[in-house]
file final-v7.tsv (TSV, C-alpha atoms (C1' of nucleotides))
chain	number	residue	atom	x	y	z
A	24	MET	CA	130.68	97.02	86.26
A	25	ASP	CA	134.23	98.32	86.19
A	26	THR	CA	135.75	100.60	88.79
A	27	GLN	CA	135.45	103.86	86.87
A	28	THR	CA	131.81	103.25	86.09
A	29	THR	CA	131.12	102.52	89.75
A	30	ARG	CA	132.92	105.68	90.71
A	31	PHE	CA	130.80	107.68	88.31
A	32	THR	CA	127.47	106.16	89.29
A	33	ASP	CA	128.26	106.69	92.96
A	34	ARG	CA	129.14	110.29	92.29
A	35	MET	CA	125.90	110.79	90.42
A	36	GLY	CA	124.11	109.23	93.38
A	37	GLN	CA	125.68	111.79	95.68
A	38	ILE	CA	124.67	114.63	93.39
A	39	PHE	CA	121.09	113.43	93.37
A	40	GLU	CA	121.15	113.07	97.13
A	41	ALA	CA	122.43	116.63	97.54
A	42	GLU	CA	119.51	117.82	95.44
A	43	GLY	CA	116.99	116.05	97.64
A	44	ARG	CA	116.37	112.97	95.55
A	45	PRO	CA	117.00	109.30	96.33
A	46	ARG	CA	120.56	108.19	95.84
A	47	ILE	CA	119.58	105.08	93.95
A	48	ALA	CA	117.79	107.20	91.36
A	49	GLY	CA	121.06	108.97	90.69
A	50	ARG	CA	122.97	105.72	90.39
A	51	ILE	CA	120.45	104.31	87.94
A	52	PHE	CA	120.55	107.48	85.93
A	53	GLY	CA	124.35	107.49	85.91
A	54	TRP	CA	124.58	103.93	84.76
A	55	LEU	CA	122.10	104.36	81.93
A	56	LEU	CA	123.90	107.53	80.89
A	57	VAL	CA	127.03	105.53	80.03
A	58	SER	CA	125.10	102.51	78.76
A	59	ASP	CA	124.59	101.91	75.08
A	60	GLN	CA	121.73	99.44	75.29
A	61	PRO	CA	118.60	99.81	77.44
A	62	ARG	CA	118.66	97.92	80.74
A	63	SER	CA	115.97	95.80	82.29
A	64	LEU	CA	114.91	96.19	85.91
A	65	ASP	CA	116.67	92.96	86.77
A	66	GLN	CA	119.85	94.14	85.15
A	67	ILE	CA	119.65	97.41	87.05
A	68	ALA	CA	118.99	95.65	90.36
A	69	ALA	CA	121.83	93.19	89.80
A	70	GLY	CA	124.24	95.71	88.28
A	71	LEU	CA	123.90	98.23	91.08
A	72	GLY	CA	123.33	95.70	93.87
A	73	VAL	CA	119.97	97.05	94.98
A	74	SER	CA	116.59	95.48	95.51
A	75	LYS	CA	114.23	95.07	92.60
A	76	ALA	CA	111.74	97.17	94.52
A	77	SER	CA	114.08	100.14	94.54
A	78	ALA	CA	115.00	99.62	90.90
A	79	SER	CA	111.34	99.63	89.92
A	80	THR	CA	110.31	102.60	92.01
A	81	ASN	CA	113.22	104.83	91.12
A	82	ALA	CA	113.31	103.98	87.43
A	83	ARG	CA	109.64	104.80	87.18
A	84	MET	CA	110.18	108.08	89.01
A	85	LEU	CA	112.96	109.02	86.60
A	86	ALA	CA	110.70	108.16	83.68
A	87	GLU	CA	107.98	110.40	85.06
A	88	MET	CA	110.55	113.16	85.38
A	89	GLY	CA	111.27	112.66	81.70
A	90	VAL	CA	114.96	111.85	81.96
A	91	LEU	CA	114.40	108.14	81.34
A	92	GLU	CA	112.32	106.34	78.77
A	93	ARG	CA	110.61	103.00	79.21
A	94	VAL	CA	110.90	100.81	76.13
A	95	SER	CA	109.82	97.27	75.43
A	96	MET	CA	111.60	94.75	73.30
A	97	PRO	CA	109.37	92.71	70.98
A	98	GLY	CA	108.78	89.21	72.34
A	99	ASP	CA	110.17	90.11	75.75
A	100	ARG	CA	108.14	90.82	78.83
A	101	HIS	CA	110.84	92.84	80.60
A	102	ASP	CA	110.61	96.57	81.03
A	103	TYR	CA	113.68	98.28	79.69
A	104	TYR	CA	114.84	101.76	80.52
A	105	ARG	CA	117.15	104.07	78.64
A	106	ILE	CA	118.18	107.72	78.72
A	107	SER	CA	115.57	109.97	77.18
A	108	PRO	CA	116.63	111.23	73.73
A	109	ASP	CA	115.96	114.80	74.81
A	110	LEU	CA	117.61	114.49	78.17
A	111	PHE	CA	118.94	118.00	78.08
A	112	GLU	CA	115.61	119.69	77.56
A	113	HIS	CA	114.03	117.61	80.28
A	114	THR	CA	116.67	118.39	82.88
A	115	MET	CA	116.32	122.02	81.87
A	116	ALA	CA	112.55	121.87	82.23
A	117	GLU	CA	112.91	120.12	85.59
A	118	ARG	CA	115.17	122.84	86.91
A	119	LEU	CA	112.93	125.59	85.63
A	120	LYS	CA	110.00	123.89	87.33
A	121	ARG	CA	111.75	123.94	90.68
A	122	TRP	CA	112.66	127.55	90.19
A	123	GLN	CA	109.11	128.37	89.21
A	124	ARG	CA	107.75	126.79	92.38
A	125	PHE	CA	109.98	129.11	94.33
A	126	THR	CA	108.94	132.18	92.38
A	127	GLU	CA	105.27	131.29	92.65
A	128	ALA	CA	105.63	131.33	96.40
A	129	VAL	CA	107.15	134.80	96.19
A	130	GLY	CA	104.26	135.98	94.02
A	131	ASP	CA	101.67	134.54	96.39
A	132	ALA	CA	103.42	136.20	99.29
A	133	ARG	CA	103.22	139.57	97.57
A	134	ARG	CA	99.49	139.08	97.09
A	135	THR	CA	98.50	137.55	100.44
A	136	VAL	CA	101.01	138.61	103.07
A	137	PRO	CA	100.22	141.99	104.64
A	138	ILE	CA	103.28	144.06	103.80
A	139	ARG	CA	103.50	147.62	104.93
A	140	SER	CA	106.92	148.40	103.51
A	141	GLN	CA	107.20	149.78	100.01
A	142	ARG	CA	110.76	148.53	99.82
A	143	VAL	CA	109.72	144.93	100.47
A	144	ARG	CA	106.97	145.13	97.88
A	145	ALA	CA	109.46	146.45	95.33
A	146	ARG	CA	111.87	143.66	96.25
A	147	LEU	CA	109.29	140.98	95.58
A	148	ARG	CA	108.11	142.56	92.33
A	149	GLY	CA	111.73	142.95	91.26
A	150	TYR	CA	112.41	139.30	91.84
A	151	GLU	CA	109.32	138.23	89.96
A	152	SER	CA	110.06	140.33	86.91
A	153	ALA	CA	113.69	139.23	86.87
A	154	TYR	CA	112.47	135.66	86.91
A	155	ALA	CA	110.00	136.30	84.10
A	156	TYR	CA	112.70	137.95	82.05
A	157	MET	CA	115.14	135.06	82.53
A	158	VAL	CA	112.54	132.45	81.67
A	159	GLY	CA	111.86	134.27	78.43
A	160	ALA	CA	115.54	134.60	77.64
A	161	ILE	CA	116.18	130.94	78.38
A	162	GLY	CA	113.24	129.96	76.19
A	163	HIS	CA	114.65	131.95	73.31
A	164	ALA	CA	118.09	130.45	73.84
A	165	LEU	CA	116.57	126.98	73.76
A	166	ASP	CA	114.84	127.78	70.48
A	167	ARG	CA	118.12	128.93	69.03
A	168	TRP	CA	119.79	125.78	70.26
A	169	ARG	CA	117.18	123.59	68.68
A	170	ALA	CA	117.33	125.36	65.28
A	171	PRO	CA	120.84	126.76	64.94
A	172	ASP	CA	121.05	126.41	61.13
A	173	ASP	CA	119.51	129.74	60.25
A	174	GLY	CA	122.36	130.69	57.95
A	175	SER	CA	123.57	133.51	60.15
A	176	GLY	CA	125.93	131.38	62.17
A	177	VAL	CA	126.20	131.18	65.93
A	178	ALA	CA	129.75	132.42	66.24
A	179	GLY	CA	131.27	132.36	69.68
A	180	GLU	CA	128.72	130.09	71.29
A	181	GLY	CA	131.09	127.19	71.71
A	182	ALA	CA	131.70	123.97	69.80
A	183	ARG	CA	128.56	122.32	68.51
A	184	ARG	CA	128.29	118.53	68.47
B	29	MET	CA	103.83	136.89	113.11
B	30	ASP	CA	100.44	136.88	111.39
B	31	THR	CA	98.83	133.86	109.80
B	32	GLN	CA	99.67	134.66	106.20
B	33	THR	CA	103.31	135.26	107.01
B	34	THR	CA	103.48	131.95	108.84
B	35	ARG	CA	101.86	130.26	105.89
B	36	PHE	CA	104.43	131.73	103.56
B	37	THR	CA	107.46	130.97	105.71
B	38	ASP	CA	106.28	127.39	106.18
B	39	ARG	CA	105.83	127.01	102.45
B	40	MET	CA	109.31	128.35	101.84
B	41	GLY	CA	110.57	125.86	104.39
B	42	GLN	CA	108.98	123.04	102.44
B	43	ILE	CA	110.53	124.27	99.22
B	44	PHE	CA	113.95	124.34	100.80
B	45	GLU	CA	113.40	120.88	102.21
B	46	ALA	CA	112.43	119.53	98.80
B	47	GLU	CA	115.68	120.88	97.43
B	48	GLY	CA	117.73	119.11	100.07
B	49	ARG	CA	118.30	122.00	102.46
B	50	PRO	CA	117.24	122.43	106.10
B	51	ARG	CA	113.68	123.52	106.56
B	52	ILE	CA	114.58	126.19	109.08
B	53	ALA	CA	116.88	127.83	106.54
B	54	GLY	CA	113.89	128.23	104.26
B	55	ARG	CA	111.73	129.66	107.01
B	56	ILE	CA	114.40	132.18	107.96
B	57	PHE	CA	114.85	133.15	104.35
B	58	GLY	CA	111.12	133.49	103.84
B	59	TRP	CA	110.68	135.69	106.87
B	60	LEU	CA	113.51	138.01	105.96
B	61	LEU	CA	112.16	138.20	102.43
B	62	VAL	CA	109.01	139.90	103.70
B	63	SER	CA	110.77	141.86	106.44
B	64	ASP	CA	111.66	145.47	106.01
B	65	GLN	CA	114.24	145.77	108.75
B	66	PRO	CA	117.11	143.35	109.41
B	67	ARG	CA	116.46	140.80	112.15
B	68	SER	CA	118.73	139.72	114.96
B	69	LEU	CA	119.36	136.08	115.77
B	70	ASP	CA	117.21	136.40	118.86
B	71	GLN	CA	114.37	137.88	116.86
B	72	ILE	CA	114.65	135.06	114.35
B	73	ALA	CA	114.72	132.40	117.06
B	74	ALA	CA	111.75	133.93	118.86
B	75	GLY	CA	109.79	134.82	115.73
B	76	LEU	CA	110.03	131.36	114.21
B	77	GLY	CA	109.98	129.47	117.48
B	78	VAL	CA	113.29	127.69	116.95
B	79	SER	CA	116.41	127.36	119.05
B	80	LYS	CA	119.07	130.02	118.87
B	81	ALA	CA	121.49	127.33	117.76
B	82	SER	CA	119.45	126.65	114.64
B	83	ALA	CA	118.97	130.33	113.96
B	84	SER	CA	122.71	130.93	114.14
B	85	THR	CA	123.75	127.93	112.06
B	86	ASN	CA	121.20	128.39	109.31
B	87	ALA	CA	121.49	132.15	109.03
B	88	ARG	CA	125.24	131.80	108.66
B	89	MET	CA	124.78	129.11	106.00
B	90	LEU	CA	122.41	131.37	104.07
B	91	ALA	CA	124.91	134.20	104.31
B	92	GLU	CA	127.65	131.96	102.92
B	93	MET	CA	125.33	131.06	100.07
B	94	GLY	CA	125.02	134.75	99.37
B	95	VAL	CA	121.27	135.09	99.76
B	96	LEU	CA	121.55	136.75	103.18
B	97	GLU	CA	123.78	139.54	104.42
B	98	ARG	CA	125.10	139.99	107.92
B	99	VAL	CA	124.99	143.59	109.05
B	100	SER	CA	125.79	145.25	112.34
B	101	MET	CA	124.04	148.19	113.88
B	102	PRO	CA	126.33	150.81	115.46
B	103	GLY	CA	126.43	150.53	119.24
B	104	ASP	CA	124.72	147.13	119.20
B	105	ARG	CA	126.42	143.81	119.70
B	106	HIS	CA	123.75	141.78	117.93
B	107	ASP	CA	124.27	140.21	114.55
B	108	TYR	CA	121.56	141.24	112.15
B	109	TYR	CA	120.64	139.52	108.93
B	110	ARG	CA	118.80	140.78	105.90
B	111	ILE	CA	118.10	139.71	102.35
B	112	SER	CA	121.08	140.26	100.08
B	113	PRO	CA	120.56	143.24	97.75
B	114	ASP	CA	121.43	141.10	94.74
B	115	LEU	CA	119.37	138.14	95.81
B	116	PHE	CA	118.37	137.30	92.28
B	117	GLU	CA	121.88	136.99	90.94
B	118	HIS	CA	122.93	134.90	93.90
B	119	THR	CA	120.10	132.42	93.60
B	120	MET	CA	120.85	132.26	89.89
B	121	ALA	CA	124.53	131.63	90.56
B	122	GLU	CA	123.62	129.00	93.15
B	123	ARG	CA	121.45	127.13	90.69
B	124	LEU	CA	124.06	127.31	87.95
B	125	LYS	CA	126.61	125.94	90.40
B	126	ARG	CA	124.48	122.89	91.11
B	127	TRP	CA	123.95	122.35	87.43
B	128	GLN	CA	127.65	122.72	86.78
B	129	ARG	CA	128.48	120.09	89.37
B	130	PHE	CA	126.23	117.73	87.46
B	131	THR	CA	127.78	118.58	84.12
B	132	GLU	CA	131.30	118.25	85.47
B	133	ALA	CA	130.49	114.71	86.47
B	134	VAL	CA	129.31	114.01	82.93
B	135	GLY	CA	132.53	115.45	81.54
B	136	ASP	CA	134.67	113.41	83.90
B	137	ALA	CA	132.74	110.30	82.95
B	138	ARG	CA	133.46	110.92	79.28
B	139	ARG	CA	137.16	111.16	80.04
B	140	THR	CA	137.58	108.37	82.59
B	141	VAL	CA	134.87	105.78	82.05
B	142	PRO	CA	135.76	103.20	79.39
B	143	ILE	CA	133.02	103.66	76.81
B	144	ARG	CA	132.98	101.53	73.72
B	145	SER	CA	129.85	102.96	72.16
B	146	GLN	CA	130.13	105.90	69.79
B	147	ARG	CA	126.53	106.77	70.51
B	148	VAL	CA	127.16	107.15	74.22
B	149	ARG	CA	130.21	109.30	73.61
B	150	ALA	CA	128.20	111.55	71.32
B	151	ARG	CA	125.45	111.73	73.95
B	152	LEU	CA	127.85	112.95	76.61
B	153	ARG	CA	129.54	115.44	74.32
B	154	GLY	CA	126.14	116.68	73.20
B	155	TYR	CA	125.06	117.28	76.76
B	156	GLU	CA	128.25	119.11	77.61
B	157	SER	CA	128.08	121.44	74.63
B	158	ALA	CA	124.39	122.12	75.23
B	159	TYR	CA	125.24	123.05	78.79
B	160	ALA	CA	128.10	125.31	77.68
B	161	TYR	CA	125.81	127.00	75.21
B	162	MET	CA	123.10	127.61	77.79
B	163	VAL	CA	125.53	128.99	80.34
B	164	GLY	CA	126.73	131.46	77.75
B	165	ALA	CA	123.20	132.43	76.79
B	166	ILE	CA	122.19	132.89	80.42
B	167	GLY	CA	125.26	134.98	81.05
B	168	HIS	CA	124.38	137.26	78.16
B	169	ALA	CA	120.78	137.51	79.34
B	170	LEU	CA	122.01	138.48	82.81
B	171	ASP	CA	124.18	141.20	81.29
B	172	ARG	CA	121.20	142.53	79.39
B	173	TRP	CA	119.12	142.44	82.55
B	174	ARG	CA	121.70	144.40	84.48
B	175	ALA	CA	122.07	147.10	81.78
B	176	PRO	CA	118.76	147.25	79.95
B	177	ASP	CA	118.91	150.97	79.10
B	178	ASP	CA	120.84	150.68	75.87
B	179	GLY	CA	118.32	152.73	73.95
B	180	SER	CA	117.26	149.86	71.70
B	181	GLY	CA	114.46	148.71	73.95
B	182	VAL	CA	113.83	145.20	75.13
B	183	ALA	CA	110.38	144.77	73.62
B	184	GLY	CA	108.53	141.63	74.51
B	185	GLU	CA	110.66	140.66	77.44
B	186	GLY	CA	107.98	141.29	80.03
B	187	ALA	CA	107.20	144.17	82.36
B	188	ARG	CA	110.21	145.72	83.97
B	189	ARG	CA	109.97	146.91	87.59
C	16	DC	C1'	94.45	75.41	83.79
C	17	DG	C1'	98.76	75.52	86.63
C	18	DG	C1'	103.11	77.74	87.20
C	19	DA	C1'	106.79	80.54	86.26
C	20	DA	C1'	108.29	85.24	85.32
C	21	DC	C1'	107.30	89.72	85.36
C	22	DG	C1'	106.47	94.59	87.83
C	23	DT	C1'	104.32	96.75	91.73
C	24	DT	C1'	103.08	97.57	96.52
C	25	DC	C1'	103.39	97.60	101.38
C	26	DA	C1'	104.93	97.17	106.13
C	27	DG	C1'	109.12	97.34	108.63
C	28	DT	C1'	113.85	98.68	109.46
C	29	DC	C1'	117.57	101.51	109.47
C	30	DT	C1'	120.49	105.36	108.46
C	31	DG	C1'	121.37	110.16	107.82
C	32	DT	C1'	120.62	114.57	109.54
C	33	DA	C1'	117.90	118.45	111.19
C	34	DC	C1'	117.13	120.29	115.44
C	35	DT	C1'	117.61	121.14	120.42
C	36	DG	C1'	119.62	122.27	125.09
C	37	DA	C1'	123.51	123.08	127.48
C	38	DA	C1'	128.23	124.13	127.78
C	39	DC	C1'	131.69	127.12	125.95
C	40	DG	C1'	134.57	131.17	124.40
C	41	DT	C1'	134.58	135.98	123.86
C	42	DA	C1'	133.71	140.72	124.22
C	43	DT	C1'	131.59	144.60	126.56
C	44	DG	C1'	130.13	147.45	130.19
C	45	DG	C1'	129.82	148.54	135.04
D	4	DC	C1'	137.87	142.28	137.40
D	5	DC	C1'	133.32	140.28	137.68
D	6	DA	C1'	128.97	139.75	135.41
D	7	DT	C1'	126.20	139.88	131.66
D	8	DA	C1'	125.11	139.35	126.84
D	9	DC	C1'	126.37	137.80	122.74
D	10	DG	C1'	127.32	133.93	118.96
D	11	DT	C1'	129.11	129.39	118.34
D	12	DT	C1'	129.82	124.47	119.13
D	13	DC	C1'	128.84	119.91	120.49
D	14	DA	C1'	126.63	115.70	122.09
D	15	DG	C1'	122.19	113.66	122.12
D	16	DT	C1'	117.59	112.91	120.27
D	17	DA	C1'	113.95	112.52	117.23
D	18	DC	C1'	112.17	112.21	112.85
D	19	DA	C1'	111.76	111.64	107.86
D	20	DG	C1'	112.31	108.87	104.16
D	21	DA	C1'	115.33	105.71	101.51
D	22	DC	C1'	115.76	101.01	101.08
D	23	DT	C1'	114.59	96.11	101.63
D	24	DG	C1'	112.07	91.55	101.65
D	25	DA	C1'	107.98	89.44	101.10
D	26	DA	C1'	103.40	89.30	99.55
D	27	DC	C1'	100.47	90.45	95.69
D	28	DG	C1'	98.27	90.88	91.02
D	29	DT	C1'	98.96	90.03	86.27
D	30	DT	C1'	100.44	88.08	82.03
D	31	DC	C1'	102.25	84.60	79.19
D	32	DC	C1'	103.74	80.00	78.09
D	33	DG	C1'	103.59	75.00	78.44
call {"tool": "encode", "arguments": {"input": "final-v7.tsv", "output": "structure tokens"}}
result
Amino acid sequence: MDTQTTRFTDRMGQIFEAEGRPRIAGRIFGWLLVSDQPRSLDQIAAGLGVSKASASTNARMLAEMGVLERVSMPGDRHDYYRISPDLFEHTMAERLKRWQRFTEAVGDARRTVPIRSQRVRARLRGYESAYAYMVGAIGHALDRWRAPDDGSGVAGEGARR
Amino acid sequence: MDTQTTRFTDRMGQIFEAEGRPRIAGRIFGWLLVSDQPRSLDQIAAGLGVSKASASTNARMLAEMGVLERVSMPGDRHDYYRISPDLFEHTMAERLKRWQRFTEAVGDARRTVPIRSQRVRARLRGYESAYAYMVGAIGHALDRWRAPDDGSGVAGEGARR
DNA sequence: CGGAACGTTCAGTCTGTACTGAACGTATGG
DNA sequence: CCATACGTTCAGTACAGACTGAACGTTCCG
């Protein structure tokens, strides 16, 4: 692995760490992101200099998250991993899920916590409806992103592919 | 603090922890979220059963994030904290910032990492443009949320307030 | 049937960091 | 001025969880 790749995978490891996930998961993800071919667990362990145990655990976790895909080569017992073809939608879904967990807690609080203040109740309801609105808007935007060729053009939305 | 409030603040602490932030920060945030009046550092420390040092450090961190506001009562030397009036926009901005950090790394990788594969290059460019598109769409949605009374109605976007 | 080559699991270690208590600097009021 | 009441800072501790090495179960090939 060359210097720039190492720099990038390390950086991705730090980003993952800052978001509360294992650093190695980030490094694996980073490496596969700039890899053309799928990588086996042994390649990952050797390439990143980590134990096979960590490679296995973290790659599987990333696959469950949906950002990685496990593939098998015919006539080869190794497990190979590669970036999921719809990486973007999965990272999006993952982030929305985290956000949803937060908003669910707010909703449960509004229902269970004894709140005397009208202002607080309005605050919680306001947050919940803002969240619901944004989820809807993001969903629509995703639909438009998936099917942009509706003949009307998507002027001003930035370069596409 | 009653049982349900404790349950909620603890849950918020766990959510914060899962996102890589100190648990106490989440508990402070949760408590202020269901509090009508601002709370002093001493109240926070006593109410949550934590040291004043933690209360000070974490409340200040939350204020720097923009989810809390420091206010001062006239004729009172205490620092008081309360939920920021535009909590929603700040949490949104915070999440976009994290996402941006991630996408910046992808962009830097495309520019610095030696990549032979055309497929990989297209993958990175695809992710970047998808991100740019979504940021634009979210920005527009936020604008619409801020100024919904344009006379055209926002049918189907969920209950408002 | 062995035996090698896989991936997974589990107990143990080790590092980062959240959290605390005490010391500190500062402002206010008597 | 002294004393009290703040918020902040800092060194030390304690804990969670990432990471490892070895043991394990399984599959495939000779």
call {"tool": "atom_distance", "arguments": {"input": "final-v7.tsv", "atom1": "atom CA of B:Ala87", "atom2": "atom CA of B:Leu69"}}
result
8.1 Å
call {"tool": "interface_residues", "arguments": {"input": "final-v7.tsv", "of": "chain A", "to": "chain B", "cutoff": "7 Å", "atoms": "all atoms listed in the file", "output": "ChimeraX atom specification"}}
result
/A:27-28,31,38,41-43,57-59,111,125,132,135-136,140,142-143,148-150,152,155-157,159-161,164,180-184
call {"tool": "interface_residues", "arguments": {"input": "final-v7.tsv", "of": "chain A", "to": "chain D", "cutoff": "7 Å", "atoms": "all atoms listed in the file", "output": "short mmCIF file (atom, residue, chain, number, x, y, z; two decimals) with C-alpha atoms, in the frame of the given file"}}
result
data_model
loop_
_atom_site.label_atom_id
_atom_site.label_comp_id
_atom_site.auth_asym_id
_atom_site.auth_seq_id
_atom_site.Cartn_x
_atom_site.Cartn_y
_atom_site.Cartn_z
CA PRO A 45 117.00 109.30 96.33
CA SER A 74 116.59 95.48 95.51
CA SER A 77 114.08 100.14 94.54
#
call {"tool": "atom_distance", "arguments": {"input": "final-v7.tsv", "atom1": "atom CA of A:Leu91", "atom2": "atom CA of A:Phe52"}}
result
7.7 Å
call {"tool": "closest_atom_pairs", "arguments": {"input": "final-v7.tsv", "of": "chain A", "to": "chain C", "cutoff": "8 Å", "atoms": "only C-alpha atoms (C1' of nucleotides)", "output": "tab-separated table"}}
result
residue	atom	partner	partner_atom	distance
A:Ala76	CA	C:DT23	C1'	7.9
A:Ser79	CA	C:DG22	C1'	7.3
A:Arg100	CA	C:DC21	C1'	6.7
A:His101	CA	C:DC21	C1'	6.7
call {"tool": "residues_around", "arguments": {"input": "final-v7.tsv", "residues": "B:Gly41", "least_positions_apart": "4", "cutoff": "7 Å", "atoms": "all atoms listed in the file", "output": "ChimeraX atom specification"}}
result
/B:37,45,51-55
call {"tool": "atom_distance", "arguments": {"input": "final-v7.tsv", "atom1": "atom CA of B:Ser112", "atom2": "atom CA of B:Glu97"}}
result
5.2 Å
call {"tool": "closest_residue", "arguments": {"input": "final-v7.tsv", "among": "B:His118, B:Ala73, B:Asn86, B:Ser68", "to": "B:Val99", "atoms": "only C-alpha atoms"}}
result
B:Ser68
